[in-house]
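S.K.: Before we start, here is the structure in question, set down as structure tokens.
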Amino acid sequence: MGKVMTMKEAVSRFVHSGNTIFVSGCQHGEPTAAVYEIVRQKINHMTLVCALTGSISFMIGEGLLDKIITGYMAQDEKMSYVLVKARENGHRPIIEEYSHFGVSMALLAGQIGIPFMPTKAQLGSDMLRYNTNIREFPCPFTGNKLVGVKAVVPDVAVFHVQRCDEEGNAQKWGSLGIDQEGVNASRNIIVTTEKIVDSEVIRRDPNRTIIPGFRVSAVVEQPFGAYPMHLAGCYAGDNMGMMRNMMGKEGYESFVQNNIYGVKDFNEYLKRITDTQGKDYFEKLKVKNPIYSDPVISGQ
Amino acid sequence: MNNMDSQQYTSADQMVVTAARQVKNDDSIYVGVGLPMLAALLAKHNHAPKATIVIENGIIRVTPYDLPPGTDSLGIQAMSDQLTSLFYINTLGQAGYMTMGFMGGGQVDRYGNINDTVIGNYHKPVHRWPGSGGGNDVMSFCKRTVVILRQSKRRFPERVDFVTCPGYFDGTPNRREKEGLPPGTGPVAVVTDLGVFGFNNGEMVLESYHGGCGVTLDKVRAEVSWDLKISPNIKVTDPPTAAELMVLREKVDPQRLWSGGKRAMPAAPKESLDL
């Protein structure tokens, strides 16, 4: 059976209540469309692993998360309606705090199949007092103090990329945040892609493949799948506009009801945007002055 | 503000210009979003064109770029020297290849410890910041870390309630090394809108104050929570030059994201918090 499927099918087949989920995109090309579908399907009691992703605030607000493993997350209710809503509904997630590097080390340990990774980050900090998954221990060689960061192996990753073939060989370029470790650490991987390309395209530049097809469970073609986040080579973001519209209870509730629950899928949401913002709205976001690299040459 | 005389400047201008002067031409700088990025860009346009800027989500570049609203944008990625991962960036730091760190902070204490996490009880906070982000990594790994933040008594407690990024702990000699942190690292300067602090035996010492824009020594003292040590060589901070101001306003921040009067980056939550 093929891996190419709709977002609805991919999420319902591979994201389950109680899962630990990795959401890719550290301020660049996050899988917004996949996150909205998870919210639409109300998959709950999840543990989320992420760094600097915006769309996951809907997971918080809709009460889907028991825990968040991260390095940076708004936690002041004065600044965050979604936290207020989650608390009022009895679903405020526990936030397990690391440094950014700490999160990437937890995922790297998961990726390489080792119970923990040693690091000098977080040494001497008070994060160790409140997060039992980062612990001080003596180096077996020097006796010096190190921090062991416990491995995280997500049940599933949602990963948005510029291009991917039908087998799931997925290529992303631009800044990569914690994508490589997060995706490679995960047991199941849903790749959402701007475009499904012929395998020949992948094989002409295979160094760019972040995850090989045999590790991937589902492939979903979703143009503008990272919107309102930008994606290298594809489109600029409109995150600030989005943030303004979502401020406070009214903005948030109206967005969730109309644009997540009120549509059947992400494409219907995108159509609503062009209906209100103008037919050329997405055209205007597209990269205007593309820079082309010199060709990468292989062959014999 | 648009009609501001080109020679007029605010204490915030002085802060950014002074912080930028900490950058050397051969530095590889781990730069945080907001004020640190503004200062690093000013240095690059001015006296340190060869300095390498390193950004946490995986961007390494030598050429300048337009100030982004967050840590990432198409513009900040385009024509970089290397696009990589957050993990890789921090391996450069942990292995000792980052000569300078440039960061903000929620609070800084007498011994240069930074709190980006919580005031009061961890579980019942009086005030809550978003947490370390890359802050702990910068302060743990970089050779010379410069902290840039607005100064107020609440932002400058004698001891922070929560150490997110260790500075010199309680000032005990070699405490960083005893805790396992790499030798030869730690904060070397704290630059505020009132003055510039260095460190002597792990304790913050005032080295200059921004007298040129009306700041007095008493004002600096009033906005820290302990009996502040003053350097025997205390002086008035060198005011911004016309060239520095011109570069800041016309090249670094032409859209006035920061210097348009609001004096706050739209996506710099640590700086926008009213504390």
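Order determines the names: the first chain of the structure tokens is A, the second B, and so forth; residues in each chain are numbered 1 upward, and ligands are numbered 1 upward as they are shown.
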Please provide as a ChimeraX atom specification all residues within 7 Å of Arg155 (chain B), with the sequence filter that same-chain residues fewer than 4 positions apart are discarded (counting only C-alpha atoms).

M.R.: /B:106-108,151

S.K.: Can you tell me, as JSON, numbers by chain, what residues are no more than 10 Å from Gly148 (chain A) when counting only C-alpha atoms, ignoring any on the same chain fewer than 4 positions away?

M.R.: {"A": [102, 105, 106, 115, 116, 117, 118, 119, 120, 121, 122, 123, 133, 134, 135, 136, 137, 138, 139]}

S.K.: Create the file for the chosen residues now, containing N, CA and C atoms and written as a compact mmCIF listing (two decimals), in the first residue's frame.

M.R.:
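Result written to out30.txt:
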# COMPACT_ATOMS: atom_id res chain seq x y z
N GLY A 102 19.72 21.37 25.25
CA GLY A 102 19.25 20.23 26.03
C GLY A 102 18.17 19.45 25.29
N MET A 105 19.68 17.50 22.52
CA MET A 105 20.43 16.35 23.03
C MET A 105 19.49 15.20 23.39
N ALA A 106 18.33 15.53 23.97
CA ALA A 106 17.35 14.48 24.30
C ALA A 106 16.93 13.75 23.03
N PRO A 115 20.53 5.72 25.96
CA PRO A 115 19.58 6.20 26.98
C PRO A 115 19.71 7.68 27.34
N PHE A 116 20.87 8.25 27.14
CA PHE A 116 21.03 9.68 27.48
C PHE A 116 22.23 10.23 26.73
N MET A 117 22.33 11.55 26.69
CA MET A 117 23.51 12.20 26.12
C MET A 117 24.15 13.09 27.17
N PRO A 118 25.48 13.07 27.25
CA PRO A 118 26.16 13.98 28.17
C PRO A 118 26.36 15.35 27.54
N THR A 119 26.28 16.39 28.34
CA THR A 119 26.54 17.76 27.87
C THR A 119 27.00 18.62 29.03
N LYS A 120 27.62 19.75 28.66
CA LYS A 120 27.97 20.75 29.68
C LYS A 120 26.88 21.82 29.81
N ALA A 121 25.90 21.79 28.90
CA ALA A 121 24.81 22.76 29.01
C ALA A 121 23.98 22.45 30.25
N GLN A 122 23.47 23.46 30.86
CA GLN A 122 22.57 23.37 32.03
C GLN A 122 23.30 23.05 33.33
N LEU A 123 24.63 22.80 33.26
CA LEU A 123 25.40 22.55 34.49
C LEU A 123 25.25 23.73 35.44
N ASN A 133 14.65 14.75 34.26
CA ASN A 133 15.22 14.11 33.08
C ASN A 133 16.52 14.76 32.63
N ILE A 134 17.00 15.74 33.38
CA ILE A 134 18.37 16.24 33.20
C ILE A 134 19.06 16.10 34.56
N ARG A 135 20.13 15.31 34.61
CA ARG A 135 20.76 15.01 35.90
C ARG A 135 22.28 15.12 35.81
N GLU A 136 22.82 15.63 36.90
CA GLU A 136 24.28 15.73 36.96
C GLU A 136 24.88 14.36 37.25
N PHE A 137 26.03 14.08 36.64
CA PHE A 137 26.77 12.84 36.94
C PHE A 137 28.24 13.07 36.65
N PRO A 138 29.13 12.28 37.28
CA PRO A 138 30.56 12.49 37.02
C PRO A 138 31.01 11.81 35.73
N CYS A 139 31.84 12.51 34.97
CA CYS A 139 32.41 11.93 33.76
C CYS A 139 33.22 10.68 34.16

S.K.: I'd like the contact shell of Val296 (chain A) - 10 Å cut-off, only C-alpha atoms, skipping same-chain residues fewer than 4 positions apart - returned as an MDAnalysis selection string.

M.R.: chainID A and resid 204:207

S.K.: Kindly save the residues from that selection, with N, CA, C and O atoms included, as a PDB file, in the first residue's frame.

M.R.:
ATOM      1  N   ARG A 204      19.095  13.103  -7.599  1.00  0.00           N
ATOM      2  CA  ARG A 204      20.109  13.978  -8.193  1.00  0.00           C
ATOM      3  C   ARG A 204      20.780  14.860  -7.141  1.00  0.00           C
ATOM      4  O   ARG A 204      21.804  15.465  -7.398  1.00  0.00           O
ATOM      5  N   ASP A 205      20.200  14.929  -5.939  1.00  0.00           N
ATOM      6  CA  ASP A 205      20.790  15.752  -4.866  1.00  0.00           C
ATOM      7  C   ASP A 205      20.549  15.078  -3.510  1.00  0.00           C
ATOM      8  O   ASP A 205      19.920  15.633  -2.614  1.00  0.00           O
ATOM      9  N   PRO A 206      21.044  13.833  -3.370  1.00  0.00           N
ATOM     10  CA  PRO A 206      20.664  13.029  -2.193  1.00  0.00           C
ATOM     11  C   PRO A 206      21.247  13.516  -0.867  1.00  0.00           C
ATOM     12  O   PRO A 206      20.765  13.099   0.192  1.00  0.00           O
ATOM     13  N   ASN A 207      22.259  14.385  -0.896  1.00  0.00           N
ATOM     14  CA  ASN A 207      22.784  14.926   0.370  1.00  0.00           C
ATOM     15  C   ASN A 207      21.743  15.749   1.125  1.00  0.00           C
ATOM     16  O   ASN A 207      21.865  15.996   2.310  1.00  0.00           O
TER      17      ASN A 207
END

S.K.: Using only C-alpha atoms, I'd like every residue of chain A that has an atom within 7 Å of chain B; please write them out as a PyMOL selection string.

M.R.: chain A and resi 26-28+71-76+99-101+104+120-127+144-146+174-178+230+232+236

S.K.: Using only C-alpha atoms, determine which residues lie at most 10 Å from Ser12 (chain A), disregarding the query and same-chain residues fewer than 5 positions distant; provide the list as a tab-separated table (two decimals) with C-alpha atoms, in the first residue's frame.

M.R.:
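Produced file result26.tsv, reproduced below:
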chain	number	residue	atom	x	y	z
A	6	THR	CA	-4.64	12.85	2.69
A	7	MET	CA	-3.75	14.79	5.81
A	37	GLU	CA	-5.54	18.58	11.44
A	38	ILE	CA	-4.45	17.11	14.78
A	41	GLN	CA	-9.30	15.47	15.20
A	43	ILE	CA	-6.20	13.90	19.57

S.K.: Set the distance at 9 Å and use only C-alpha atoms: which residues neighbour Val158 (chain A) once local chain neighbours fewer than 2 positions away are removed? I'd like the list as JSON, numbers by chain.

M.R.: {"A": [21, 22, 23, 24, 30, 31, 34, 35, 156, 160, 183, 188, 189, 190, 191, 192]}

S.K.: Excluding Lys235 (chain B) and residues on its chain fewer than 6 positions from it, collect all residues at most 10 Å away from it, counting only C-alpha atoms, and give them as number ranges by chain.

M.R.: B: 195-196, 206-211, 217

S.K.: Mind writing the picked residues with N, CA, C and O atoms as an mmCIF file, in the first residue's frame?

M.R.:
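Listed below is the output, part.cif:
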data_model
loop_
_atom_site.group_PDB
_atom_site.id
_atom_site.type_symbol
_atom_site.label_atom_id
_atom_site.label_comp_id
_atom_site.auth_asym_id
_atom_site.auth_seq_id
_atom_site.Cartn_x
_atom_site.Cartn_y
_atom_site.Cartn_z
ATOM 1 N N GLY B 195 24.421 52.178 32.192
ATOM 2 C CA GLY B 195 25.867 52.098 32.301
ATOM 3 C C GLY B 195 26.431 50.787 31.802
ATOM 4 O O GLY B 195 25.719 49.962 31.223
ATOM 5 N N VAL B 196 27.741 50.610 32.047
ATOM 6 C CA VAL B 196 28.445 49.396 31.637
ATOM 7 C C VAL B 196 29.117 48.786 32.864
ATOM 8 O O VAL B 196 29.839 49.477 33.597
ATOM 9 N N LEU B 206 30.706 48.577 38.405
ATOM 10 C CA LEU B 206 30.348 49.615 37.418
ATOM 11 C C LEU B 206 31.614 50.247 36.843
ATOM 12 O O LEU B 206 32.458 50.760 37.573
ATOM 13 N N GLU B 207 31.732 50.202 35.537
ATOM 14 C CA GLU B 207 32.919 50.768 34.887
ATOM 15 C C GLU B 207 32.647 52.108 34.231
ATOM 16 O O GLU B 207 33.534 52.947 34.134
ATOM 17 N N SER B 208 31.425 52.308 33.735
ATOM 18 C CA SER B 208 31.092 53.627 33.196
ATOM 19 C C SER B 208 29.588 53.828 33.279
ATOM 20 O O SER B 208 28.825 52.863 33.400
ATOM 21 N N TYR B 209 29.170 55.099 33.266
ATOM 22 C CA TYR B 209 27.740 55.397 33.266
ATOM 23 C C TYR B 209 27.465 56.382 32.144
ATOM 24 O O TYR B 209 28.347 57.137 31.714
ATOM 25 N N HIS B 210 26.193 56.346 31.653
ATOM 26 C CA HIS B 210 25.868 57.084 30.438
ATOM 27 C C HIS B 210 25.578 58.559 30.757
ATOM 28 O O HIS B 210 24.455 59.051 30.553
ATOM 29 N N GLY B 211 26.596 59.263 31.263
ATOM 30 C CA GLY B 211 26.447 60.668 31.653
ATOM 31 C C GLY B 211 26.029 61.575 30.504
ATOM 32 O O GLY B 211 25.329 62.564 30.704
ATOM 33 N N LEU B 217 25.601 58.800 38.493
ATOM 34 C CA LEU B 217 26.058 57.644 39.274
ATOM 35 C C LEU B 217 25.001 57.217 40.285
ATOM 36 O O LEU B 217 24.779 56.019 40.494
#

S.K.: Closest to Thr241 (chain B) among B:Gly171, B:Pro64, B:Lys24, B:Gly212, using only C-alpha atoms?

M.R.: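 The answer is B:Gly212, which sits nearest to Thr241 (chain B).
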
S.K.: Take CA of Glu9 (chain A) and CA of Val197 (chain A) and report the distance between them in Å, one decimal.

M.R.: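 CA of Glu9 (chain A) sits 20.5 Å away from CA of Val197 (chain A).
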
S.K.: Please compute the CA of His45 (chain B)-CA of Val16 (chain B) distance, one decimal, in Å.

M.R.: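 We find that CA of His45 (chain B) and CA of Val16 (chain B) lie 13.3 Å from each other.
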
S.K.: Which residues, written as a ChimeraX atom specification, have at least one atom at most 6 Å from Pro36 (chain B), with only C-alpha atoms counted and residues fewer than 3 positions away on the same chain left out?

M.R.: /B:32,39,102-103
